[in-house]
Amino acid sequence: MNISSIVIQTSPEFTEGVVEILKEADFCDYHFHDAKGRIIVTIEGKGVEEEIQKLTRIQFMDHIVAADMSFAYSEDELNAERDKLEAAGGELPSWLNDENATKRDIKYNGDLKDRF
């Protein structure tokens with residue numbers, strides 16, 4: 001199961017109308033909007049392809065200036081990466097399996113500056 005947040009921009013004069021359409025839509029869940037025409041929804045899909053189809057539906061709606069994925073979560077991809085780490089013999093950090101872990105628990109020990 002994939003879940004992604006979509007940030008939508010519409011002209012302020014059309015925001016309320018677009019919000020009403022999104023609230024009734026069966027392909028996304030409405031969460032928030034502001035007076036500047038920014039709208040936040042989430043979409044779910046069995047895979048990336050289904051999510052892209054839903055994103056495209058939003059992008060082609062009337063009065064949409066822009067609609068882009070902002071954050072994405074893929075349960076299957078996370079599990080596949082865990083399996084790769086285990087198969088390579090690498091020990092998983094304890095926080096990776098801790099349901100109470102936060103982003104502050106992630107320790108980055110690399111240096112990307114000289115890699116590119």
# chains A, B, ... in the order shown; residues from 1 in each chain; ligands from 1
$ residues_around --residues "A:Glu50" --least-positions-apart "4" --cutoff "12 Å" --atoms "only C-alpha atoms" --output "list in words"
Met1, Asn2, Ile3, Ser4, Phe27, Cys28, Ile43, Glu44, Gly45, Lys46, Lys54, Leu55, Thr56 and Arg57 of chain A
$ select_by_dssp --residues "chain A" --states "alpha helix (DSSP H)" --output "ChimeraX atom specification"
/A:15-24,48-59,75-87
$ closest_residue --among "A:Glu49, A:Asp62, A:Glu75, A:Asp29" --to "A:Thr15" --atoms "only C-alpha atoms"
A:Asp62
$ residues_around --residues "A:Tyr30" --least-positions-apart "5" --cutoff "9 Å" --atoms "only C-alpha atoms" --output "PyMOL selection string"
chain A and resi 19+22-25+39-42
$ residues_around --residues "A:Leu78" --least-positions-apart "4" --cutoff "12 Å" --atoms "only C-alpha atoms" --output "PyMOL selection string"
chain A and resi 1-2+72-74+82-85+96-97
